[in-house]
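For reference, final.tsv is printed below; it contains TSV, C-alpha atoms.
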chain	number	residue	atom	x	y	z
A	1254	MET	CA	-146.81	-69.76	103.84
A	1255	ASP	CA	-143.12	-70.18	103.58
A	1256	VAL	CA	-143.52	-71.35	100.01
A	1257	LEU	CA	-145.60	-68.32	99.11
A	1258	ALA	CA	-143.09	-66.05	100.77
A	1259	SER	CA	-140.28	-67.69	98.85
A	1260	VAL	CA	-142.14	-67.32	95.57
A	1261	ASP	CA	-142.85	-63.69	96.28
A	1262	GLY	CA	-139.19	-63.17	97.12
A	1263	VAL	CA	-138.07	-64.81	93.92
A	1264	GLU	CA	-140.47	-62.70	91.86
A	1265	GLU	CA	-139.32	-59.54	93.64
A	1266	HIS	CA	-135.69	-60.55	93.13
A	1267	THR	CA	-136.44	-61.20	89.47
A	1268	ARG	CA	-138.07	-57.81	89.08
A	1269	VAL	CA	-135.14	-56.10	90.83
A	1270	THR	CA	-132.60	-58.05	88.81
A	1271	SER	CA	-134.41	-57.27	85.56
A	1272	SER	CA	-134.65	-53.61	86.47
A	1273	SER	CA	-130.97	-53.54	87.39
A	1274	GLN	CA	-130.04	-55.23	84.15
A	1275	THR	CA	-132.15	-52.74	82.23
A	1276	THR	CA	-130.46	-49.84	84.05
A	1277	ILE	CA	-127.04	-51.32	83.51
A	1278	SER	CA	-127.84	-51.92	79.84
A	1279	SER	CA	-129.04	-48.35	79.45
A	1280	SER	CA	-125.94	-47.01	81.18
A	1281	ALA	CA	-123.71	-49.17	79.03
A	1282	SER	CA	-125.49	-47.99	75.88
A	1283	SER	CA	-125.17	-44.38	77.03
A	1284	ARG	CA	-121.47	-44.82	77.76
A	1285	GLN	CA	-120.98	-46.52	74.42
A	1286	SER	CA	-122.79	-43.71	72.61
A	1287	THR	CA	-120.76	-41.11	74.50
A	1288	ALA	CA	-117.53	-42.95	73.75
A	1289	SER	CA	-118.55	-43.26	70.12
A	1290	ALA	CA	-119.38	-39.56	69.94
A	1291	SER	CA	-116.15	-38.68	71.69
A	1292	SER	CA	-114.23	-40.95	69.38
A	1293	THR	CA	-115.93	-39.34	66.39
A	1294	GLY	CA	-115.15	-35.87	67.74
A	1295	ILE	CA	-111.50	-36.76	68.21
A	1296	THR	CA	-111.34	-38.20	64.72
A	1297	LEU	CA	-112.86	-35.05	63.18
A	1298	SER	CA	-110.54	-32.84	65.21
A	1299	ASN	CA	-107.53	-34.85	64.10
A	1300	HIS	CA	-108.78	-34.67	60.51
A	1301	ARG	CA	-109.02	-30.89	60.64
A	1302	ARG	CA	-105.57	-30.61	62.22
A	1303	SER	CA	-104.17	-33.00	59.63
A	1304	THR	CA	-105.71	-30.95	56.81
A	1305	VAL	CA	-104.16	-27.74	58.14
A	1306	ASN	CA	-100.80	-29.41	58.58
A	1307	ASN	CA	-100.92	-30.86	55.07
A	1308	THR	CA	-101.77	-27.45	53.60
A	1309	TRP	CA	-98.93	-25.74	55.44
A	1310	THR	CA	-96.52	-28.55	54.51
A	1311	ALA	CA	-97.42	-28.19	50.84
A	1312	VAL	CA	-96.77	-24.42	50.95
A	1313	ALA	CA	-93.48	-24.89	52.79
A	1314	ASN	CA	-92.31	-27.51	50.31
A	1315	ALA	CA	-93.24	-25.30	47.35
A	1316	VAL	CA	-91.38	-22.30	48.82
A	1317	ASN	CA	-88.33	-24.38	49.73
A	1318	ALA	CA	-88.17	-25.89	46.26
A	1319	GLU	CA	-88.12	-22.47	44.56
A	1320	MET	CA	-85.73	-20.89	47.07
A	1321	LEU	CA	-83.21	-23.70	46.64
A	1322	SER	CA	-83.51	-24.30	42.89
A	1323	GLN	CA	-83.78	-20.76	41.48
A	1324	GLY	CA	-80.49	-18.92	41.32
A	1325	ASP	CA	-81.96	-15.76	39.80
A	1326	LYS	CA	-84.46	-15.00	42.56
A	1327	PHE	CA	-84.75	-11.38	43.65
A	1328	SER	CA	-83.54	-10.53	47.15
A	1329	CYS	CA	-82.88	-7.28	48.98
A	1330	GLY	CA	-82.85	-5.72	52.42
A	1331	PRO	CA	-80.67	-6.01	55.53
A	1332	TYR	CA	-80.04	-9.30	57.27
A	1333	ASN	CA	-82.76	-8.69	59.87
A	1334	CYS	CA	-85.52	-7.99	57.32
A	1335	ARG	CA	-84.98	-9.67	53.96
A	1336	LEU	CA	-87.30	-9.72	50.95
A	1337	PHE	CA	-87.27	-12.59	48.45
A	1338	VAL	CA	-89.23	-12.94	45.22
A	1339	THR	CA	-89.30	-16.25	43.35
A	1340	SER	CA	-91.37	-17.37	40.39
A	1341	ASN	CA	-94.55	-17.78	42.44
A	1342	TRP	CA	-93.94	-16.42	45.94
A	1343	LEU	CA	-93.14	-13.17	47.73
A	1344	ILE	CA	-91.46	-13.82	51.08
A	1345	GLN	CA	-90.45	-11.37	53.79
A	1346	THR	CA	-88.39	-12.63	56.70
A	1347	ALA	CA	-87.77	-10.68	59.91
A	1348	LEU	CA	-86.30	-11.54	63.30
A	1349	TYR	CA	-89.59	-12.68	64.80
A	1350	SER	CA	-91.95	-13.09	61.85
A	1351	THR	CA	-92.25	-14.35	58.29
A	1352	ASN	CA	-94.77	-13.23	55.67
A	1353	ILE	CA	-95.48	-15.47	52.67
A	1354	VAL	CA	-97.94	-14.63	49.91
A	1355	HIS	CA	-98.55	-16.03	46.44
A	1356	LYS	CA	-97.72	-13.58	43.65
A	1357	SER	CA	-101.03	-14.18	41.90
A	1358	ASP	CA	-102.94	-13.10	45.04
A	1359	ILE	CA	-101.18	-9.83	45.83
A	1360	HIS	CA	-102.34	-6.25	45.49
A	1361	LEU	CA	-99.55	-3.67	45.95
A	1362	VAL	CA	-99.94	-0.02	46.95
A	1363	LEU	CA	-97.12	2.54	47.00
A	1364	ALA	CA	-97.60	4.08	50.45
A	1365	ALA	CA	-94.71	6.51	51.08
A	1366	LYS	CA	-91.15	7.53	50.28
A	1367	HIS	CA	-88.41	9.20	52.27
A	1368	GLU	CA	-84.73	10.01	51.84
A	1369	LEU	CA	-81.82	9.19	54.11
A	1370	GLU	CA	-78.65	11.25	53.87
A	1371	PHE	CA	-76.44	8.44	55.14
A	1372	THR	CA	-77.02	4.70	55.47
A	1373	THR	CA	-75.00	1.64	56.39
A	1374	GLU	CA	-75.27	0.46	52.77
A	1375	SER	CA	-74.10	3.62	51.01
A	1376	ARG	CA	-72.30	6.90	51.64
A	1377	PHE	CA	-74.74	8.78	49.42
A	1378	THR	CA	-78.32	9.91	49.79
A	1379	GLU	CA	-80.70	6.98	49.42
A	1380	GLU	CA	-84.39	7.12	48.61
A	1381	TYR	CA	-86.55	4.47	50.29
A	1382	VAL	CA	-90.13	3.51	49.48
A	1383	THR	CA	-92.76	1.73	51.54
A	1384	ILE	CA	-95.15	-0.66	49.79
A	1385	GLU	CA	-98.30	-2.10	51.30
A	1386	VAL	CA	-98.88	-5.75	50.38
A	1387	HIS	CA	-102.48	-6.97	50.42
A	1388	SER	CA	-103.75	-10.43	49.48
A	1389	ILE	CA	-107.11	-11.58	48.16
A	1390	ASN	CA	-106.69	-14.54	50.51
A	1391	ARG	CA	-108.53	-13.48	53.67
A	1392	HIS	CA	-106.24	-15.66	55.81
A	1393	VAL	CA	-103.18	-13.56	54.88
A	1394	ASN	CA	-102.80	-10.34	56.86
A	1395	PRO	CA	-101.54	-7.18	55.09
A	1396	PHE	CA	-97.92	-6.19	55.68
A	1397	ASN	CA	-95.44	-3.54	54.54
A	1398	ILE	CA	-92.15	-3.89	52.72
A	1399	ARG	CA	-89.46	-1.20	52.64
A	1400	LEU	CA	-86.71	-1.02	50.05
A	1401	ARG	CA	-84.55	1.39	48.08
A	1402	SER	CA	-85.90	3.08	44.97
A	1403	GLN	CA	-83.48	1.29	42.66
A	1404	GLU	CA	-84.52	-2.03	44.17
A	1405	TYR	CA	-88.16	-1.00	43.73
A	1406	HIS	CA	-87.67	-0.66	39.96
A	1407	GLU	CA	-86.17	-4.14	39.79
A	1408	LEU	CA	-88.95	-5.54	42.00
A	1409	ARG	CA	-91.60	-4.25	39.59
A	1410	GLU	CA	-89.98	-6.23	36.77
A	1411	ARG	CA	-90.30	-9.43	38.84
A	1412	LEU	CA	-94.00	-8.97	39.65
A	1413	SER	CA	-96.98	-9.48	37.38
A	1414	ALA	CA	-99.25	-7.31	39.52
A	1415	PRO	CA	-98.99	-3.53	39.08
A	1416	VAL	CA	-98.07	-1.22	41.96
A	1417	VAL	CA	-100.90	1.24	42.55
A	1418	ASN	CA	-99.64	4.79	43.09
A	1419	ALA	CA	-102.90	6.37	44.27
A	1420	ARG	CA	-101.07	9.11	46.17
A	1421	ASN	CA	-99.10	10.21	43.07
A	1422	ILE	CA	-95.75	9.76	44.78
A	1423	VAL	CA	-92.94	10.95	42.51
A	1424	LEU	CA	-89.80	8.83	42.67
A	1425	SER	CA	-86.44	10.17	41.58
A	1426	GLN	CA	-84.40	8.33	38.97
A	1427	SER	CA	-81.98	5.71	40.16
A	1428	ILE	CA	-78.23	6.21	39.84
A	1429	ASN	CA	-78.12	3.85	36.87
A	1430	GLU	CA	-80.93	5.69	35.08
A	1431	ARG	CA	-79.19	9.03	35.63
A	1432	PHE	CA	-75.93	7.55	34.37
A	1433	VAL	CA	-77.61	6.29	31.17
A	1434	THR	CA	-78.79	9.86	30.47
A	1435	ALA	CA	-75.32	11.30	31.13
A	1436	PHE	CA	-73.65	8.58	29.07
A	1437	ARG	CA	-75.91	9.28	26.10
A	1438	SER	CA	-75.16	13.03	26.32
A	1439	CYS	CA	-71.39	12.43	26.36
A	1440	VAL	CA	-71.56	10.04	23.40
A	1441	ALA	CA	-73.56	12.62	21.44
A	1442	GLU	CA	-70.59	15.00	21.74
A	1443	ASN	CA	-68.22	12.49	20.09
A	1444	ASP	CA	-67.73	12.20	16.35
A	1445	LYS	CA	-70.17	9.93	14.59
A	1446	PHE	CA	-69.12	6.71	12.92
A	1447	ILE	CA	-69.38	6.87	9.12
A	1448	SER	CA	-69.15	3.83	6.89
A	1449	ILE	CA	-67.01	4.21	3.77
A	1450	SER	CA	-67.50	1.98	0.75
A	1451	SER	CA	-64.66	0.41	-1.24
A	1452	SER	CA	-64.98	3.25	-3.72
A	1453	GLY	CA	-64.33	5.78	-0.98
A	1454	ARG	CA	-67.89	7.06	-0.71
A	1455	GLN	CA	-70.00	7.40	2.40
A	1456	CYS	CA	-72.58	4.64	2.65
A	1457	GLU	CA	-75.20	3.29	5.00
A	1458	THR	CA	-74.17	1.09	7.92
A	1459	PRO	CA	-76.17	-2.17	8.13
A	1460	VAL	CA	-77.05	-3.05	11.73
A	1461	ASP	CA	-79.10	-5.70	13.54
A	1462	GLN	CA	-81.19	-5.60	16.67
A	1463	CYS	CA	-79.24	-4.94	19.86
A	1464	ILE	CA	-78.14	-8.28	21.31
A	1465	GLY	CA	-78.60	-6.86	24.82
A	1466	CYS	CA	-82.30	-5.93	24.73
A	1467	ASN	CA	-83.35	-7.24	21.28
A	1468	VAL	CA	-85.68	-4.23	21.04
A	1469	SER	CA	-83.67	-1.25	19.78
A	1470	LEU	CA	-81.31	-1.13	16.82
A	1471	ALA	CA	-77.58	-1.31	17.45
A	1472	ASP	CA	-76.79	2.39	17.11
A	1473	VAL	CA	-73.24	2.73	18.48
A	1474	LYS	CA	-69.79	1.45	17.55
A	1475	LEU	CA	-66.50	1.43	19.42
A	1476	VAL	CA	-63.83	3.45	17.61
A	1477	LYS	CA	-60.67	4.50	19.44
A	1478	GLY	CA	-60.90	8.25	19.88
A	1479	CYS	CA	-58.94	8.82	23.08
A	1480	GLU	CA	-55.20	9.26	23.49
A	1481	THR	CA	-54.66	6.86	26.37
A	1482	ARG	CA	-52.67	3.70	25.81
A	1483	GLU	CA	-54.93	1.65	28.06
A	1484	CYS	CA	-57.76	1.65	25.52
A	1485	GLY	CA	-57.46	-0.72	22.55
A	1486	ASN	CA	-58.89	-1.02	19.06
A	1487	CYS	CA	-62.22	-2.78	18.68
A	1488	PHE	CA	-63.04	-4.33	15.30
A	1489	CYS	CA	-66.45	-5.74	16.25
A	1490	ARG	CA	-69.42	-4.88	14.08
A	1491	PRO	CA	-72.18	-2.79	15.75
A	1492	MET	CA	-74.17	-5.05	18.05
A	1493	TRP	CA	-75.26	-2.86	20.97
A	1494	CYS	CA	-77.57	0.11	21.52
A	1495	VAL	CA	-76.35	3.04	23.58
A	1496	VAL	CA	-78.62	2.19	26.54
A	1497	CYS	CA	-77.42	-1.40	26.90
A	1498	LEU	CA	-73.79	-0.39	26.39
A	1499	SER	CA	-74.10	2.28	29.09
A	1500	LYS	CA	-75.56	-0.29	31.52
A	1501	TRP	CA	-72.69	-2.66	30.70
A	1502	PHE	CA	-70.23	0.18	31.27
A	1503	ALA	CA	-71.79	1.17	34.62
A	1504	ALA	CA	-71.81	-2.43	35.88
A	1505	ARG	CA	-68.00	-2.59	35.44
A	1506	GLN	CA	-67.35	0.50	37.59
A	1507	ASN	CA	-66.80	0.85	41.33
A	1508	GLN	CA	-70.33	0.96	42.71
A	1509	ASN	CA	-69.23	3.09	45.68
A	1510	THR	CA	-67.97	5.97	43.51
A	1511	PRO	CA	-70.67	6.73	40.91
A	1512	GLN	CA	-69.45	10.32	40.60
A	1513	VAL	CA	-66.41	9.14	38.61
A	1514	TRP	CA	-68.08	6.50	36.43
A	1515	LEU	CA	-67.82	8.67	33.31
A	1516	GLU	CA	-64.04	8.78	33.76
A	1517	GLY	CA	-63.67	5.02	33.90
A	1518	SER	CA	-63.21	2.30	31.30
A	1519	ALA	CA	-64.67	-1.12	30.55
A	1520	PRO	CA	-63.94	-4.10	28.29
A	1521	CYS	CA	-65.87	-4.54	25.04
A	1522	PRO	CA	-68.71	-7.01	25.68
A	1523	THR	CA	-67.60	-9.08	22.66
A	1524	CYS	CA	-63.82	-8.88	22.13
A	1525	ARG	CA	-62.83	-7.55	25.59
A	1526	ALA	CA	-60.81	-4.65	24.18
A	1527	LYS	CA	-60.77	-1.87	26.76
A	1528	PHE	CA	-62.63	1.33	25.89
A	1529	CYS	CA	-63.66	4.60	27.55
A	1530	ILE	CA	-66.58	6.91	26.86
A	1531	SER	CA	-64.56	8.87	24.27
A	1532	ASP	CA	-64.39	5.69	22.14
A	1533	VAL	CA	-68.16	5.29	21.83
A	1534	CYS	CA	-69.63	6.76	18.63
A	1535	PHE	CA	-73.16	7.00	17.34
A	1536	ILE	CA	-73.62	5.49	13.86
A	1537	ASP	CA	-74.33	8.24	11.33
A	1538	ASP	CA	-76.75	6.40	9.04
A	1539	PRO	CA	-77.78	3.03	10.47
A	1540	VAL	CA	-80.17	0.78	8.56
A	1541	THR	CA	-81.39	-2.69	9.32
A	1542	ALA	CA	-79.42	-5.47	7.71
A	1543	ASP	CA	-82.57	-6.85	6.04
A	1544	THR	CA	-83.28	-3.50	4.41
A	1545	SER	CA	-79.73	-3.05	3.11
A	1546	SER	CA	-79.70	-6.50	1.54
Any chance you could give the structure as structure tokens?
Amino acid sequence: MDVLASVDGVEEHTRVTSSSQTTISSSASSRQSTASASSTGITLSNHRRSTVNNTWTAVANAVNAEMLSQGDKFSCGPYNCRLFVTSNWLIQTALYSTNIVHKSDIHLVLAAKHELEFTTESRFTEEYVTIEVHSINRHVNPFNIRLRSQEYHELRERLSAPVVNARNIVLSQSINERFVTAFRSCVAENDKFISISSSGRQCETPVDQCIGCNVSLADVKLVKGCETRECGNCFCRPMWCVVCLSKWFAARQNQNTPQVWLEGSAPCPTCRAKFCISDVCFIDDPVTADTSS
């Protein structure tokens, strides 16, 4: 009886032990599966985070490389809201935010304009424009940039995308554009330059393309026509068109007093002889050098 009881106890103990081992094995397998799943989840999460970080790092490195290496990048705006344009990026920095968008992704819309009678940057009336910047990249939120009209004209030259003016906003000419018109009118009142041959007869003046824009013909020449001693004699052959020469002239004036630019003087771009607007003459009969030869 004792033997039978012992055998029954052993069998029961065996069944209990086997059941316990099965339960423990199942629990261990469950924990292992959970740990494996958790480990896999962590790995995927880290992979996604790593991908985002790598993408952002690549953009930051590309922007830094162009900002540091390109000396001719466009920049404007006050210190607390600056706009930068490099070869591939448009960047706007503010006190608490930064907007970065690739130039090939942007869509620009001229939104508004307004005039300020007095600003911290100038004592004269300034016209400001607001441009909406949209991106085809859905992860980039739209933002606005605000700049002066004369900076707007320069910005358009740095961008490949057109600025849509759906509201037909009319912008006034910049100071430099108005000065070019006034400069041309004053030069037209001066005597024209006439070439004289060795025989004493009037002849054509051979000219080349303007070395400033390489688009128009060189149509002006510097000939001393004023009575001031400050201006000198220029013996350079015609190399500039009236538009490029007027821009050169304006760039050498005091930018804070544009109302007296026409009364100023500037050095010849080639020989550095000083001249004033009375010394600039249109060429009477210019022809291209290839045609004259």
Which residues come within 12 Å of Ala1526 in chain A, counting all atoms listed in the file, excluding same-chain residues fewer than 6 positions away, as a list in words?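 The contact residues come out as Leu1475, Val1476, Lys1477, Arg1482, Glu1483, Cys1484, Gly1485, Asn1486, Cys1487, Phe1488, Cys1489, Ser1518, Ala1519, Pro1520 and Asp1532 of chain A.
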Non-local contacts of Arg1437 in chain A (10 Å; all atoms listed in the file; under 2 positions in same chain excluded) as a ChimeraX atom specification: /A:1432-1435,1439-1442,1495-1496,1498-1499,1530,1533,1535
Give me the residues within 9 Å of range 1398-1405 of chain A as an mmCIF file with C-alpha atoms, in the coordinates of the input, counting all atoms listed in the file and dropping any in the same chain fewer than 4 places off.
data_model
loop_
_atom_site.group_PDB
_atom_site.id
_atom_site.type_symbol
_atom_site.label_atom_id
_atom_site.label_comp_id
_atom_site.auth_asym_id
_atom_site.auth_seq_id
_atom_site.Cartn_x
_atom_site.Cartn_y
_atom_site.Cartn_z
ATOM 1 C CA CYS A 1329 -82.880 -7.280 48.980
ATOM 2 C CA GLY A 1330 -82.850 -5.720 52.420
ATOM 3 C CA LEU A 1336 -87.300 -9.720 50.950
ATOM 4 C CA GLN A 1345 -90.450 -11.370 53.790
ATOM 5 C CA LYS A 1366 -91.150 7.530 50.280
ATOM 6 C CA GLU A 1379 -80.700 6.980 49.420
ATOM 7 C CA GLU A 1380 -84.390 7.120 48.610
ATOM 8 C CA TYR A 1381 -86.550 4.470 50.290
ATOM 9 C CA VAL A 1382 -90.130 3.510 49.480
ATOM 10 C CA THR A 1383 -92.760 1.730 51.540
ATOM 11 C CA ILE A 1384 -95.150 -0.660 49.790
ATOM 12 C CA GLU A 1385 -98.300 -2.100 51.300
ATOM 13 C CA VAL A 1386 -98.880 -5.750 50.380
ATOM 14 C CA ARG A 1409 -91.600 -4.250 39.590
ATOM 15 C CA GLU A 1410 -89.980 -6.230 36.770
ATOM 16 C CA LEU A 1424 -89.800 8.830 42.670
ATOM 17 C CA SER A 1425 -86.440 10.170 41.580
ATOM 18 C CA GLN A 1426 -84.400 8.330 38.970
ATOM 19 C CA SER A 1427 -81.980 5.710 40.160
ATOM 20 C CA ILE A 1428 -78.230 6.210 39.840
ATOM 21 C CA ASN A 1429 -78.120 3.850 36.870
#
For a quick check of your reading of the model, name the residues lying within 12 Å of the coordinate (-67.4, 11.3, 37.2), counting all atoms listed in the file, and write them as a PyMOL selection string. chain A and resi 1432+1435-1436+1439+1503+1506-1507+1509-1518+1530
For the residues in that selection, give me C-alpha atoms as a short mmCIF file (atom, residue, chain, number, x, y, z; two decimals), keeping the file's coordinate frame.
data_model
loop_
_atom_site.label_atom_id
_atom_site.label_comp_id
_atom_site.auth_asym_id
_atom_site.auth_seq_id
_atom_site.Cartn_x
_atom_site.Cartn_y
_atom_site.Cartn_z
CA PHE A 1432 -75.93 7.55 34.37
CA ALA A 1435 -75.32 11.30 31.13
CA PHE A 1436 -73.65 8.58 29.07
CA CYS A 1439 -71.39 12.43 26.36
CA ALA A 1503 -71.79 1.17 34.62
CA GLN A 1506 -67.35 0.50 37.59
CA ASN A 1507 -66.80 0.85 41.33
CA ASN A 1509 -69.23 3.09 45.68
CA THR A 1510 -67.97 5.97 43.51
CA PRO A 1511 -70.67 6.73 40.91
CA GLN A 1512 -69.45 10.32 40.60
CA VAL A 1513 -66.41 9.14 38.61
CA TRP A 1514 -68.08 6.50 36.43
CA LEU A 1515 -67.82 8.67 33.31
CA GLU A 1516 -64.04 8.78 33.76
CA GLY A 1517 -63.67 5.02 33.90
CA SER A 1518 -63.21 2.30 31.30
CA ILE A 1530 -66.58 6.91 26.86
#
Would you please work out which residue, of A:Val1416, A:Pro1522, A:Asp1325, A:Glu1430, is nearest to Ala1364 in chain A when using only C-alpha atoms? A:Val1416
Residue nearest Leu1412 in chain A among A:Thr1308, A:Thr1339, A:Ser1350, A:Gln1508 (counting all atoms listed in the file):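 Residue with the minimum atom-to-atom distance to Leu1412 in chain A: A:Thr1339.
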Which is closest to Phe1446 in chain A among A:Leu1321, A:Val1354, A:Ala1419, A:Cys1534, if we use only C-alpha atoms? A:Cys1534
What is the CA of Asp1537 in chain A to CA of Arg1525 in chain A distance in Å?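 Atom-to-atom, CA of Asp1537 in chain A to CA of Arg1525 in chain A, that is 24.2 Å.
In this structure, CA of Val1473 in chain A sits 11.4 Å away from CA of Asp1461 in chain A.
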What is the CA of Ser1328 in chain A-CA of Ala1347 in chain A distance in Å, reported with one decimal?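 Computing it gives 13.4 Å between the two atoms.
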I want to know what sits within 7 Å of Val1338 in chain A, based on all atoms listed in the file, with residues of the same chain fewer than 3 positions away left out; could you give that as a VMD selection string? chain A and resid 1326 to 1328 1342 to 1344
Select, from A:Ser1413, A:Thr1458, A:Asn1397, A:Ser1531, the residue with the minimum atom-to-atom distance to Glu1480 in chain A, counting all atoms listed in the file.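 Among the listed residues, the smallest separation from Glu1480 in chain A belongs to A:Ser1531.
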Identify the residues around (-103.6, 1.0, 40.0) within a radius of 12 Å, measuring from only C-alpha atoms in the coordinates stated by the file, and give them as a PDB file with C-alpha atoms, in the frame of the given file.
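Below you can see part_32.pdb, which holds the result:
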ATOM      1  CA  HIS A1360    -102.340  -6.250  45.490  1.00  0.00           C
ATOM      2  CA  LEU A1361     -99.550  -3.670  45.950  1.00  0.00           C
ATOM      3  CA  VAL A1362     -99.940  -0.020  46.950  1.00  0.00           C
ATOM      4  CA  LEU A1363     -97.120   2.540  47.000  1.00  0.00           C
ATOM      5  CA  ALA A1414     -99.250  -7.310  39.520  1.00  0.00           C
ATOM      6  CA  PRO A1415     -98.990  -3.530  39.080  1.00  0.00           C
ATOM      7  CA  VAL A1416     -98.070  -1.220  41.960  1.00  0.00           C
ATOM      8  CA  VAL A1417    -100.900   1.240  42.550  1.00  0.00           C
ATOM      9  CA  ASN A1418     -99.640   4.790  43.090  1.00  0.00           C
ATOM     10  CA  ALA A1419    -102.900   6.370  44.270  1.00  0.00           C
ATOM     11  CA  ARG A1420    -101.070   9.110  46.170  1.00  0.00           C
ATOM     12  CA  ASN A1421     -99.100  10.210  43.070  1.00  0.00           C
TER      13      ASN A1421
END
